[in-house]
Each structure stands twice: as C-alpha cells, then as structure tokens.
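Source file: work_39.cif (mmCIF, C-alpha atoms)
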```cif
data_work
#
loop_
_atom_site.label_atom_id
_atom_site.label_comp_id
_atom_site.auth_asym_id
_atom_site.auth_seq_id
_atom_site.Cartn_x
_atom_site.Cartn_y
_atom_site.Cartn_z
CA MET I 7 -62.86 -7.71 -85.56
CA SER I 8 -62.52 -11.27 -86.86
CA ASP I 9 -59.26 -10.41 -88.61
CA MET I 10 -57.90 -8.68 -85.50
CA PRO I 11 -56.85 -11.25 -82.88
CA LEU I 12 -57.72 -10.38 -79.30
CA ILE I 13 -54.79 -8.99 -77.30
CA THR I 14 -54.80 -9.25 -73.52
CA VAL I 15 -52.87 -6.41 -71.87
CA ILE I 16 -51.88 -7.19 -68.27
CA VAL I 17 -51.14 -4.43 -65.73
CA PRO I 18 -50.06 -5.44 -62.20
CA VAL I 19 -51.00 -2.65 -59.82
CA TYR I 20 -49.80 -1.75 -56.33
CA ASN I 21 -50.04 1.63 -54.55
CA ILE I 22 -49.65 3.68 -57.70
CA ARG I 23 -52.56 6.15 -57.64
CA GLU I 24 -50.57 9.05 -59.05
CA TYR I 25 -49.43 7.37 -62.25
CA LEU I 26 -52.04 4.69 -62.95
CA PRO I 27 -54.48 6.87 -64.98
CA ARG I 28 -51.73 7.85 -67.43
CA CYS I 29 -50.78 4.19 -67.85
CA VAL I 30 -54.31 2.90 -68.37
CA ARG I 31 -55.37 5.67 -70.74
CA SER I 32 -52.32 5.07 -72.89
CA ILE I 33 -53.65 1.50 -73.33
CA THR I 34 -57.31 2.37 -73.89
CA GLY I 35 -56.17 4.93 -76.46
CA GLN I 36 -54.48 2.33 -78.67
CA THR I 37 -55.18 2.40 -82.40
CA TYR I 38 -55.48 -1.41 -82.14
CA GLU I 39 -58.88 -1.66 -80.47
CA ASN I 40 -59.50 -5.39 -79.96
CA LEU I 41 -58.08 -5.48 -76.45
CA GLU I 42 -58.97 -6.85 -73.06
CA ILE I 43 -57.19 -4.97 -70.29
CA LEU I 44 -56.64 -6.79 -67.00
CA LEU I 45 -55.78 -4.63 -63.98
CA VAL I 46 -54.63 -6.79 -61.07
CA ASP I 47 -54.72 -4.88 -57.79
CA ASP I 48 -52.09 -6.62 -55.67
CA GLY I 49 -53.47 -5.63 -52.26
CA SER I 50 -53.03 -1.86 -52.57
CA THR I 51 -53.54 0.16 -49.39
CA ASP I 52 -53.64 3.72 -50.76
CA GLY I 53 -56.92 3.68 -52.66
CA THR I 54 -55.40 2.39 -55.89
CA GLY I 55 -57.79 -0.58 -55.85
CA GLU I 56 -60.79 1.75 -55.86
CA LEU I 57 -59.16 3.78 -58.65
CA CYS I 58 -58.89 0.59 -60.73
CA ASP I 59 -62.65 0.11 -60.39
CA THR I 60 -63.26 3.72 -61.41
CA LEU I 61 -61.07 3.37 -64.49
CA ALA I 62 -62.90 0.16 -65.42
CA GLY I 63 -66.09 2.21 -65.51
CA GLU I 64 -64.59 4.35 -68.28
CA ASP I 65 -63.98 1.46 -70.71
CA LYS I 66 -65.82 -1.85 -70.94
CA ARG I 67 -62.62 -3.60 -72.10
CA ILE I 68 -61.11 -3.18 -68.61
CA GLN I 69 -61.49 -5.96 -66.03
CA VAL I 70 -60.22 -5.62 -62.47
CA TYR I 71 -59.05 -8.38 -60.15
CA HIS I 72 -58.32 -7.70 -56.48
CA LYS I 73 -55.99 -10.02 -54.57
CA LYS I 74 -53.87 -10.16 -51.45
CA ASN I 75 -50.42 -8.68 -51.81
CA GLY I 76 -48.05 -11.23 -53.31
CA GLY I 77 -45.82 -9.27 -55.64
CA SER I 78 -45.79 -8.42 -59.33
CA SER I 79 -45.12 -12.00 -60.44
CA SER I 80 -48.15 -13.38 -58.63
CA ALA I 81 -50.32 -10.61 -60.11
CA ARG I 82 -49.06 -11.36 -63.61
CA ASN I 83 -49.58 -15.10 -63.15
CA LEU I 84 -53.16 -14.57 -62.02
CA ALA I 85 -53.86 -12.43 -65.08
CA LEU I 86 -52.33 -15.04 -67.40
CA GLU I 87 -54.78 -17.59 -65.98
CA LYS I 88 -57.67 -15.22 -66.72
CA ALA I 89 -56.44 -14.03 -70.13
CA ARG I 90 -58.59 -14.83 -73.17
CA GLY I 91 -56.45 -13.14 -75.80
CA GLU I 92 -54.56 -15.03 -78.48
CA TYR I 93 -51.67 -12.66 -77.74
CA VAL I 94 -50.49 -11.15 -74.46
CA GLY I 95 -48.73 -7.90 -73.61
CA PHE I 96 -47.70 -6.32 -70.30
CA VAL I 97 -47.47 -2.72 -69.14
CA ASP I 98 -46.07 -1.70 -65.76
CA SER I 99 -48.44 0.60 -63.90
CA ASP I 100 -46.09 3.59 -63.75
CA ASP I 101 -45.10 3.34 -67.44
CA TYR I 102 -47.02 4.35 -70.56
CA ILE I 103 -47.08 3.46 -74.25
CA GLU I 104 -47.45 5.15 -77.63
CA PRO I 105 -50.96 4.94 -79.21
CA HIS I 106 -49.76 2.77 -82.10
CA MET I 107 -47.63 0.28 -80.12
CA TYR I 108 -49.88 -2.79 -80.32
CA GLU I 109 -50.84 -2.05 -83.92
CA LEU I 110 -47.13 -2.01 -84.81
CA LEU I 111 -46.46 -5.25 -82.97
CA MET I 112 -49.43 -7.10 -84.44
CA LYS I 113 -48.64 -5.98 -87.99
CA GLY I 114 -45.06 -7.20 -87.53
CA ILE I 115 -46.13 -10.56 -86.12
CA ARG I 116 -48.52 -11.18 -88.99
CA LYS I 117 -46.13 -9.96 -91.70
CA PHE I 118 -43.29 -12.23 -90.55
CA ASN I 119 -45.53 -15.05 -89.26
CA LEU I 120 -43.91 -15.12 -85.82
CA GLY I 121 -45.12 -15.77 -82.29
CA ALA I 122 -43.42 -12.77 -80.70
CA ALA I 123 -42.35 -9.21 -81.47
CA GLN I 124 -40.93 -6.30 -79.50
CA VAL I 125 -40.61 -2.54 -79.84
CA GLY I 126 -37.87 -0.29 -78.51
CA ARG I 127 -38.13 1.55 -75.22
CA ASP I 128 -36.80 4.70 -73.68
CA GLU I 129 -36.51 5.81 -70.06
CA ILE I 130 -37.90 9.02 -68.59
CA ASP I 131 -36.94 10.32 -65.15
CA GLN I 132 -39.19 12.06 -62.63
CA GLN I 133 -38.26 15.47 -64.08
CA GLY I 134 -39.38 14.38 -67.54
CA ARG I 135 -35.86 14.10 -68.90
CA ARG I 136 -34.99 11.31 -71.31
CA LEU I 137 -32.22 9.05 -69.99
CA PRO I 138 -29.59 7.16 -72.04
CA ASN I 139 -30.94 4.06 -73.76
CA ILE I 140 -30.57 0.80 -71.84
CA CYS I 141 -31.10 -1.21 -75.03
CA GLU I 142 -30.34 0.27 -78.44
CA PRO I 143 -33.13 -0.48 -80.93
CA PRO I 144 -32.20 -1.67 -84.43
CA SER I 145 -32.17 0.79 -87.31
CA SER I 146 -34.73 -1.32 -89.18
CA PRO I 147 -36.99 -4.31 -88.39
CA ALA I 148 -34.92 -7.41 -87.63
CA VAL I 149 -35.89 -11.03 -87.04
CA LEU I 150 -33.60 -12.81 -84.60
CA GLY I 151 -33.59 -16.57 -84.12
CA ALA I 152 -33.83 -17.88 -80.55
CA GLU I 153 -30.09 -18.55 -80.29
CA GLU I 154 -29.16 -15.15 -81.71
CA PHE I 155 -31.63 -13.40 -79.39
CA PHE I 156 -30.28 -15.36 -76.41
CA ARG I 157 -26.77 -14.22 -77.31
CA GLU I 158 -27.93 -10.61 -77.36
CA LEU I 159 -29.35 -11.05 -73.85
CA LEU I 160 -26.13 -12.63 -72.58
CA MET I 161 -24.11 -9.78 -74.06
CA HIS I 162 -26.39 -7.20 -72.37
CA ARG I 163 -27.54 -5.85 -75.72
CA GLY I 164 -30.98 -7.47 -75.83
CA ASP I 165 -34.18 -6.44 -74.08
CA CYS I 166 -35.60 -9.07 -71.72
CA SER I 167 -38.61 -7.00 -70.65
CA PHE I 168 -42.02 -8.50 -71.36
CA CYS I 169 -43.47 -5.00 -71.39
CA THR I 170 -41.98 -4.18 -74.80
CA LYS I 171 -43.26 -7.43 -76.30
CA LEU I 172 -46.36 -9.03 -77.73
CA ILE I 173 -46.28 -12.82 -77.41
CA ARG I 174 -48.68 -15.56 -78.45
CA ARG I 175 -50.32 -16.80 -75.27
CA ASP I 176 -49.78 -20.51 -75.91
CA LEU I 177 -46.01 -19.96 -75.77
CA PHE I 178 -46.11 -19.31 -72.02
CA PRO I 179 -45.01 -22.44 -70.12
CA GLY I 180 -47.50 -22.21 -67.25
CA LYS I 181 -50.20 -24.78 -67.92
CA ALA I 182 -52.24 -27.34 -66.01
CA LYS I 183 -50.28 -30.48 -65.24
CA ALA I 184 -52.05 -33.68 -64.31
CA GLU I 185 -51.28 -34.91 -60.85
CA GLU I 186 -49.56 -38.25 -60.45
CA THR I 187 -51.91 -41.20 -60.49
CA ALA I 188 -53.10 -42.16 -57.04
CA PRO I 189 -52.43 -45.71 -55.70
CA SER I 190 -56.00 -46.61 -56.62
CA GLY I 191 -55.16 -45.97 -60.25
CA ARG I 192 -57.28 -42.81 -60.37
CA GLY I 193 -56.02 -39.25 -60.34
CA THR I 194 -57.67 -36.45 -58.41
CA GLY I 195 -58.64 -34.70 -61.63
CA GLU I 196 -57.56 -31.31 -60.29
CA GLY I 197 -54.08 -30.87 -61.82
CA LYS I 198 -51.30 -28.50 -60.79
CA ARG I 199 -50.26 -25.32 -62.53
CA GLU I 200 -46.66 -24.53 -63.39
CA GLU I 201 -45.91 -20.88 -62.53
CA ASN I 202 -44.96 -18.55 -65.37
CA PHE I 203 -43.23 -15.69 -63.54
CA PRO I 204 -41.21 -16.88 -60.52
CA LEU I 205 -42.65 -15.79 -57.18
CA GLY I 206 -40.65 -13.72 -54.73
CA ARG I 207 -37.92 -12.78 -57.22
CA LEU I 208 -36.76 -9.70 -59.08
CA ASN I 209 -35.40 -9.75 -62.64
CA GLU I 210 -38.31 -12.11 -63.18
CA ASP I 211 -38.70 -11.17 -66.85
CA PHE I 212 -35.26 -12.53 -67.71
CA HIS I 213 -35.99 -15.69 -65.71
CA LEU I 214 -39.15 -16.48 -67.67
CA LEU I 215 -37.95 -15.31 -71.08
CA VAL I 216 -34.85 -17.52 -71.17
CA ARG I 217 -37.02 -20.50 -70.22
CA MET I 218 -39.33 -19.70 -73.12
CA LEU I 219 -36.72 -18.95 -75.78
CA PRO I 220 -35.91 -22.53 -76.83
CA HIS I 221 -39.59 -22.98 -77.72
CA MET I 222 -40.33 -19.59 -79.26
CA GLY I 223 -38.45 -19.59 -82.55
CA GLY I 224 -37.69 -16.12 -83.88
CA ILE I 225 -38.51 -12.73 -82.40
CA LEU I 226 -39.16 -9.61 -84.46
CA THR I 227 -37.42 -6.51 -83.14
CA LEU I 228 -38.82 -3.15 -84.28
CA PRO I 229 -36.91 0.16 -84.18
CA GLN I 230 -39.74 2.35 -82.86
CA GLN I 231 -39.33 3.33 -79.20
CA ALA I 232 -43.00 3.01 -78.39
CA TYR I 233 -42.72 1.95 -74.71
CA HIS I 234 -41.83 4.59 -72.10
CA VAL I 235 -40.26 3.43 -68.83
CA PHE I 236 -40.82 5.85 -65.97
CA TYR I 237 -37.65 5.83 -63.88
CA ARG I 238 -39.03 6.25 -60.38
CA MET I 239 -36.85 6.14 -57.26
CA GLY I 240 -38.19 3.78 -54.63
CA SER I 241 -39.25 1.04 -57.01
CA ASN I 242 -37.97 -2.52 -56.55
CA SER I 243 -34.62 -2.03 -58.28
CA ARG I 244 -34.08 1.70 -57.68
CA ARG I 245 -33.08 2.53 -54.14
CA ALA I 246 -32.20 5.95 -52.75
CA ASP I 247 -30.63 4.48 -49.58
CA ARG I 248 -27.21 2.95 -50.29
CA GLU I 249 -27.66 0.50 -47.40
CA ASP I 250 -30.94 -0.77 -48.89
CA PHE I 251 -29.43 -3.45 -51.14
CA SER I 252 -31.96 -4.55 -53.75
CA ARG I 253 -32.26 -8.30 -54.09
CA VAL I 254 -32.31 -7.81 -57.87
CA TYR I 255 -28.52 -8.23 -57.85
CA ARG I 256 -28.70 -11.58 -56.06
CA ASP I 257 -31.53 -12.77 -58.29
CA SER I 258 -29.55 -11.70 -61.36
CA VAL I 259 -26.70 -13.99 -60.29
CA ASP I 260 -29.16 -16.88 -59.87
CA ASN I 261 -30.58 -16.13 -63.31
CA ALA I 262 -27.09 -16.18 -64.81
CA ASP I 263 -26.58 -19.70 -63.45
CA MET I 264 -29.96 -20.78 -64.83
CA ALA I 265 -29.08 -19.30 -68.23
CA ALA I 266 -25.80 -21.22 -68.22
CA GLY I 267 -27.75 -24.44 -67.71
CA ILE I 268 -30.07 -23.65 -70.64
CA VAL I 269 -27.06 -22.85 -72.82
CA GLU I 270 -25.47 -26.15 -71.86
CA GLU I 271 -28.60 -28.02 -72.95
CA HIS I 272 -29.75 -26.07 -75.99
CA TYR I 273 -27.07 -23.65 -77.22
CA PRO I 274 -23.54 -25.02 -76.63
CA LYS I 275 -22.07 -22.41 -79.01
CA LEU I 276 -23.01 -19.75 -76.46
CA LYS I 277 -20.91 -21.13 -73.58
CA ALA I 278 -18.36 -18.29 -73.74
CA ALA I 279 -21.17 -15.72 -73.72
CA ALA I 280 -22.91 -17.47 -70.82
CA PHE I 281 -19.71 -17.51 -68.78
CA ARG I 282 -19.11 -13.84 -69.56
CA PHE I 283 -22.68 -13.12 -68.42
CA GLY I 284 -22.16 -14.97 -65.13
CA VAL I 285 -18.97 -13.01 -64.40
CA PHE I 286 -20.61 -9.71 -65.31
CA GLN I 287 -23.63 -10.30 -63.05
CA ARG I 288 -21.32 -11.14 -60.14
CA LEU I 289 -19.30 -7.99 -60.74
CA GLU I 290 -22.54 -6.00 -60.62
CA TYR I 291 -23.36 -7.65 -57.29
CA LEU I 292 -19.93 -6.84 -55.84
CA LEU I 293 -20.05 -3.25 -57.11
CA HIS I 294 -23.41 -2.56 -55.46
CA ILE I 295 -23.51 -4.56 -52.21
CA PRO I 296 -23.09 -2.24 -49.20
CA ILE I 297 -19.64 -2.63 -47.65
CA SER I 298 -21.30 -3.37 -44.31
CA GLN I 299 -22.77 -6.55 -45.83
CA MET I 300 -19.45 -7.85 -47.19
CA THR I 301 -18.91 -10.21 -44.25
CA LYS I 302 -18.06 -13.88 -43.68
CA GLU I 303 -21.58 -14.36 -42.35
CA ASN I 304 -23.05 -13.39 -45.73
CA LYS I 305 -23.05 -16.78 -47.48
CA ILE I 306 -24.16 -15.42 -50.87
CA TYR I 307 -21.39 -12.83 -50.87
CA CYS I 308 -18.80 -15.45 -49.90
CA GLU I 309 -19.99 -17.82 -52.65
CA ILE I 310 -19.65 -15.07 -55.24
CA VAL I 311 -16.12 -14.22 -54.12
CA ARG I 312 -15.17 -17.92 -54.31
CA PHE I 313 -16.55 -18.06 -57.85
CA MET I 314 -14.42 -15.09 -58.89
CA ARG I 315 -11.28 -16.63 -57.41
CA ARG I 316 -11.75 -20.16 -58.71
CA ARG I 317 -12.62 -19.04 -62.24
CA TRP I 318 -10.01 -16.31 -62.60
CA VAL I 319 -7.92 -18.23 -65.16
CA ARG I 320 -10.99 -19.02 -67.24
CA ALA I 321 -12.09 -15.38 -67.11
CA MET I 322 -8.70 -14.13 -68.26
CA GLY I 323 -8.98 -16.37 -71.32
CA ASN I 324 -12.57 -15.43 -72.19
CA PRO I 325 -12.55 -13.37 -75.42
CA LEU I 326 -15.91 -11.74 -74.65
CA LEU I 327 -14.83 -10.11 -71.39
CA THR I 328 -13.34 -6.66 -71.91
CA GLY I 329 -10.02 -5.60 -70.46
CA LYS I 330 -11.92 -3.51 -67.91
CA ASN I 331 -14.03 -6.54 -66.93
CA LYS I 332 -10.87 -8.59 -66.41
CA VAL I 333 -9.24 -5.88 -64.29
CA TYR I 334 -12.30 -5.68 -62.06
CA HIS I 335 -12.50 -9.47 -61.89
CA THR I 336 -8.87 -9.61 -60.73
CA LEU I 337 -9.28 -6.84 -58.16
CA PHE I 338 -12.43 -8.31 -56.66
CA ALA I 339 -10.91 -11.79 -56.60
CA VAL I 340 -7.93 -10.46 -54.62
CA SER I 341 -9.52 -7.95 -52.23
CA PRO I 342 -13.24 -7.30 -52.75
CA LYS I 343 -13.81 -5.29 -49.60
CA GLY I 344 -10.61 -3.28 -50.08
CA ILE I 345 -11.61 -2.32 -53.63
CA ARG I 346 -15.03 -1.16 -52.48
CA LYS I 347 -13.49 0.97 -49.73
CA LEU I 348 -11.16 2.52 -52.29
CA HIS I 349 -14.12 3.21 -54.56
CA ALA I 350 -15.91 4.94 -51.68
CA LEU I 351 -12.89 7.16 -50.95
CA VAL I 352 -12.54 8.15 -54.61
CA ARG I 353 -16.25 8.96 -54.79
CA GLN I 354 -16.08 11.10 -51.66
CA LYS I 355 -13.08 12.98 -53.03
CA ARG I 356 -14.83 13.71 -56.31
CA GLN I 357 -17.94 14.91 -54.50
CA GLY I 358 -15.79 17.19 -52.36
CA GLU I 359 -14.16 18.71 -55.43
CA SER I 360 -17.44 19.32 -57.24
#
```
Translate this file's structure into structure tokens.
Amino acid sequence: MSDMPLITVIVPVYNIREYLPRCVRSITGQTYENLEILLVDDGSTDGTGELCDTLAGEDKRIQVYHKKNGGSSSARNLALEKARGEYVGFVDSDDYIEPHMYELLMKGIRKFNLGAAQVGRDEIDQQGRRLPNICEPPSSPAVLGAEEFFRELLMHRGDCSFCTKLIRRDLFPGKAKAEETAPSGRGTGEGKREENFPLGRLNEDFHLLVRMLPHMGGILTLPQQAYHVFYRMGSNSRRADREDFSRVYRDSVDNADMAAGIVEEHYPKLKAAAFRFGVFQRLEYLLHIPISQMTKENKIYCEIVRFMRRRWVRAMGNPLLTGKNKVYHTLFAVSPKGIRKLHALVRQKRQGES
C-alpha cells in the first residue's frame, strides 16, 4: 500500500435511504483499494443515519459522522476537516461510480505529475434512460492549464463538479488561520478556519473550484464516463413545481460576478468570456424565474434587468455571445415580463397541439 496514496472519498448524506446502498457499494467495490470513505449524515430524519451505520459495518474503511442538518456544503466541510487522505474525491449519495474510476484518476495524476484529474460523467433519469451529455468528454486524455480550464468553465464546456475529480488535499483553501494578536501581545492559540464550500448556497462546486484554479496548475481530463449522475426530481436544482424557483439560478449569477473578479485579477485575457458568462447566467435566471416573482419588490430580479439594459451595447459587441444570446438579451432588456408571458403562451399552444 505504500505506493498507493490514501484517497478520502466524501459522501454527504441526507434522507436518501433508497439510493445510498448503491452509491456506497460502488465506492467499496473500487479496484483502487486504499480508500477511507466518510459518510456524513446531515441530520437525516428517515432512518438514513442508521443505514449509514449499518453500511459501515460492512467495510472497515467506512467512517460515519452524524451532525445537525446544515446542508451539503457543511457536510463536505466537516469531512474535509476529518480527511486523512493525500487525495480527496466526492460522490453524491444518489449517484454511483464505475469500479475503476479512482484507479483511472490516480494513474493519470501520477503519469502526468498533476494535483488534479477528472473523468467524464453521464446522466441517468429515474427510468434508467441515459440523458444527453451536459459536458462532452475529450476523445483522449488532455491536460488543461488553469487558464484554459477556466475558459472552458466560462464557455459552459467544462465540468465544475467535484464529484468527477480527484484532487490533492492540500490544494483546498480551507485551513486554520491564526487569530489576530490580542492587545496583550498574545493570541488565543485557537485559530479560525476558512470554509471550503460556501454555506447556504447552491452551485457551490463552481464557487470553490474557481477560487482554487489559480493555485492548482493543470488538470487532467480523461475521456472515460466513469461517474453516473442520477437525475432525480425533487433535488436542490430539479423542481417539479414551476413556482418553486430554485435558488441555484440566483447563486449562479453571484458566482458569475465572483468569476469576473478572479478573471480581472488573474486572467485578463478571459474578460470577454467572463462577460459572456455573466450575461448567460442572467439569461438563465430570467428564463426560469416564475412570472409571479418578476415584480418591482424583487430586488434581485430588478438588479438583473438593470444589468441587461445597461450592458446591452457591450453585449452586442461581445464576439463570444451567439446571435441567439444577443436576441434574448435584447428582448429581456426591453420587456422581460412580456417575453416570459409570450413564452408561456407558446408553450401552452404546443402542449395543446401535441
């Protein structure tokens, strides 16, 4: 085992009894055996916590932590504090992985002497059908520098998910920070910890990854689709009720602004791509917000509309925005609520004809 670095696999868990065994057994069945598997029960109320303990009894590499409900980010952050592995991977509790995934990733990391690697992923719906790829994997292994990888993210071609990746643990930014010296000249000696994944947010993987990129160097991207995303209605970003507007769209706009700041500081050549990304994320917000919430009282909505209007000229001159993007930008800048009502009428007509 000395030539096989320890990998910590982190699984945040919440009310997922039906799918958790498949997830965990896909990890314990890995061909790469030097693993520690951390299940973090985030205050489950359906017996999932007890199931975690049962699964831990099946494999001594599994450790279980129980905590009050605080969300996936808090569960992941807790596990990162407990992790002993030189490398860290994540698996969502309703997803599952191919038996050779971590062996592939580790071989790639060692061959190219990198701190991070990722595999491809596919998406499976509740009927077992494979959905169109969200991110197209490369045809052969490819090493992307941080700036090139950032560009792929901004162009919506890259994969920001931590679940498809294996990353050296010391690259994560969360670490103990010494408190300021007290007036007596002595510190408290306790220190404060910077959070890795942001608390209370969705699209948290993008938020953390773009913060890490300037310090990561290259990332190896492998063509094998070894991670399987289970597309389950009712999860954080998949809502069956049209009036239940997921905050992922608002958080994605905030992340776009954060990415623009990182580009300004580290990657000035990517300014056009960062602006395109900010426009695109706002269009996604405007295309998904329920019409009932498009009001003057909704400050976030109003700020997004102002952005679209004030930056219309810049958007029209951006070479990375498609003609369709520019048409939508123009329409939403002129009459956002009217366009959404027209969309609703067209959709109703099509449904009536089908």
From the options I:Pro229, I:Gly323, I:Pro105, I:Gly49, which residue's atoms come nearest to Val149 in chain I, counting only C-alpha atoms?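 Checking each of I:Pro229, I:Gly323, I:Pro105, I:Gly49 against Val149 in chain I, counting only C-alpha atoms, the winner is I:Pro229.
The spacing separating CA of Tyr233 in chain I from CA of Leu61 in chain I amounts to 21.1 Å.
CA of Asp260 in chain I is positioned 25.2 Å from CA of Asn139 in chain I.
If you count all atoms listed in the file and ignore residues fewer than 4 places along the chain from Leu57 in chain I, what sits within 10 Å of it is Ile22, Arg23, Leu26, Pro27, Asp47, Asp52, Gly53, Leu61, Ala62 and Gly63 of chain I.
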Using only C-alpha atoms, determine which residues lie at most 7 Å from Val17 in chain I, disregarding the query and same-chain residues fewer than 5 positions distant; provide the list as a PyMOL selection string. chain I and resi 44-46+96-99
Using all atoms listed in the file, which of the listed residues (I:Ser258, I:Ser50, I:Asn304, I:Thr60) sits closest to Tyr291 in chain I?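 Checking each candidate against Tyr291 in chain I, we get I:Ser258 as the closest.
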Test item: the PyMOL selection byres ((chain I and resi 179) around 9) resolved as a PyMOL selection string: chain I and resi 176-178+180-181+200-202+214+217-218
Exactly which residues make up the result of the PyMOL selection byres ((chain I and resi 119) around 12) on this file, given as a PDB file with C-alpha atoms, in the frame of the given file?
```pdb
ATOM      1  CA  LEU I 111     -46.460  -5.250 -82.970  1.00  0.00           C
ATOM      2  CA  MET I 112     -49.430  -7.100 -84.440  1.00  0.00           C
ATOM      3  CA  LYS I 113     -48.640  -5.980 -87.990  1.00  0.00           C
ATOM      4  CA  GLY I 114     -45.060  -7.200 -87.530  1.00  0.00           C
ATOM      5  CA  ILE I 115     -46.130 -10.560 -86.120  1.00  0.00           C
ATOM      6  CA  ARG I 116     -48.520 -11.180 -88.990  1.00  0.00           C
ATOM      7  CA  LYS I 117     -46.130  -9.960 -91.700  1.00  0.00           C
ATOM      8  CA  PHE I 118     -43.290 -12.230 -90.550  1.00  0.00           C
ATOM      9  CA  LEU I 120     -43.910 -15.120 -85.820  1.00  0.00           C
ATOM     10  CA  GLY I 121     -45.120 -15.770 -82.290  1.00  0.00           C
ATOM     11  CA  ALA I 122     -43.420 -12.770 -80.700  1.00  0.00           C
ATOM     12  CA  ALA I 123     -42.350  -9.210 -81.470  1.00  0.00           C
ATOM     13  CA  VAL I 149     -35.890 -11.030 -87.040  1.00  0.00           C
ATOM     14  CA  ARG I 174     -48.680 -15.560 -78.450  1.00  0.00           C
ATOM     15  CA  GLY I 223     -38.450 -19.590 -82.550  1.00  0.00           C
ATOM     16  CA  GLY I 224     -37.690 -16.120 -83.880  1.00  0.00           C
ATOM     17  CA  ILE I 225     -38.510 -12.730 -82.400  1.00  0.00           C
ATOM     18  CA  LEU I 226     -39.160  -9.610 -84.460  1.00  0.00           C
TER      19      LEU I 226
END
```
To verify the selection step, state as a list in words which residues the PyMOL selection byres ((chain I and resi 206-209) around 10) yields on this input.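 Selected by the PyMOL selection byres ((chain I and resi 206-209) around 10) in this file: Gly76, Gly77, Ser78, Ser79, Ser80, Cys166, Ser167, Phe203, Pro204, Leu205, Glu210, Asp211, Phe212, His213, Leu214, Asn242, Ser243, Ser252, Arg253, Val254, Tyr255, Arg256, Asp257, Ser258, Val259, Asp260 and Asn261 of chain I.
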How many Å lie between CA of Lys74 in chain I and CA of Asp59 in chain I, rounded to one decimal? 16.2 Å
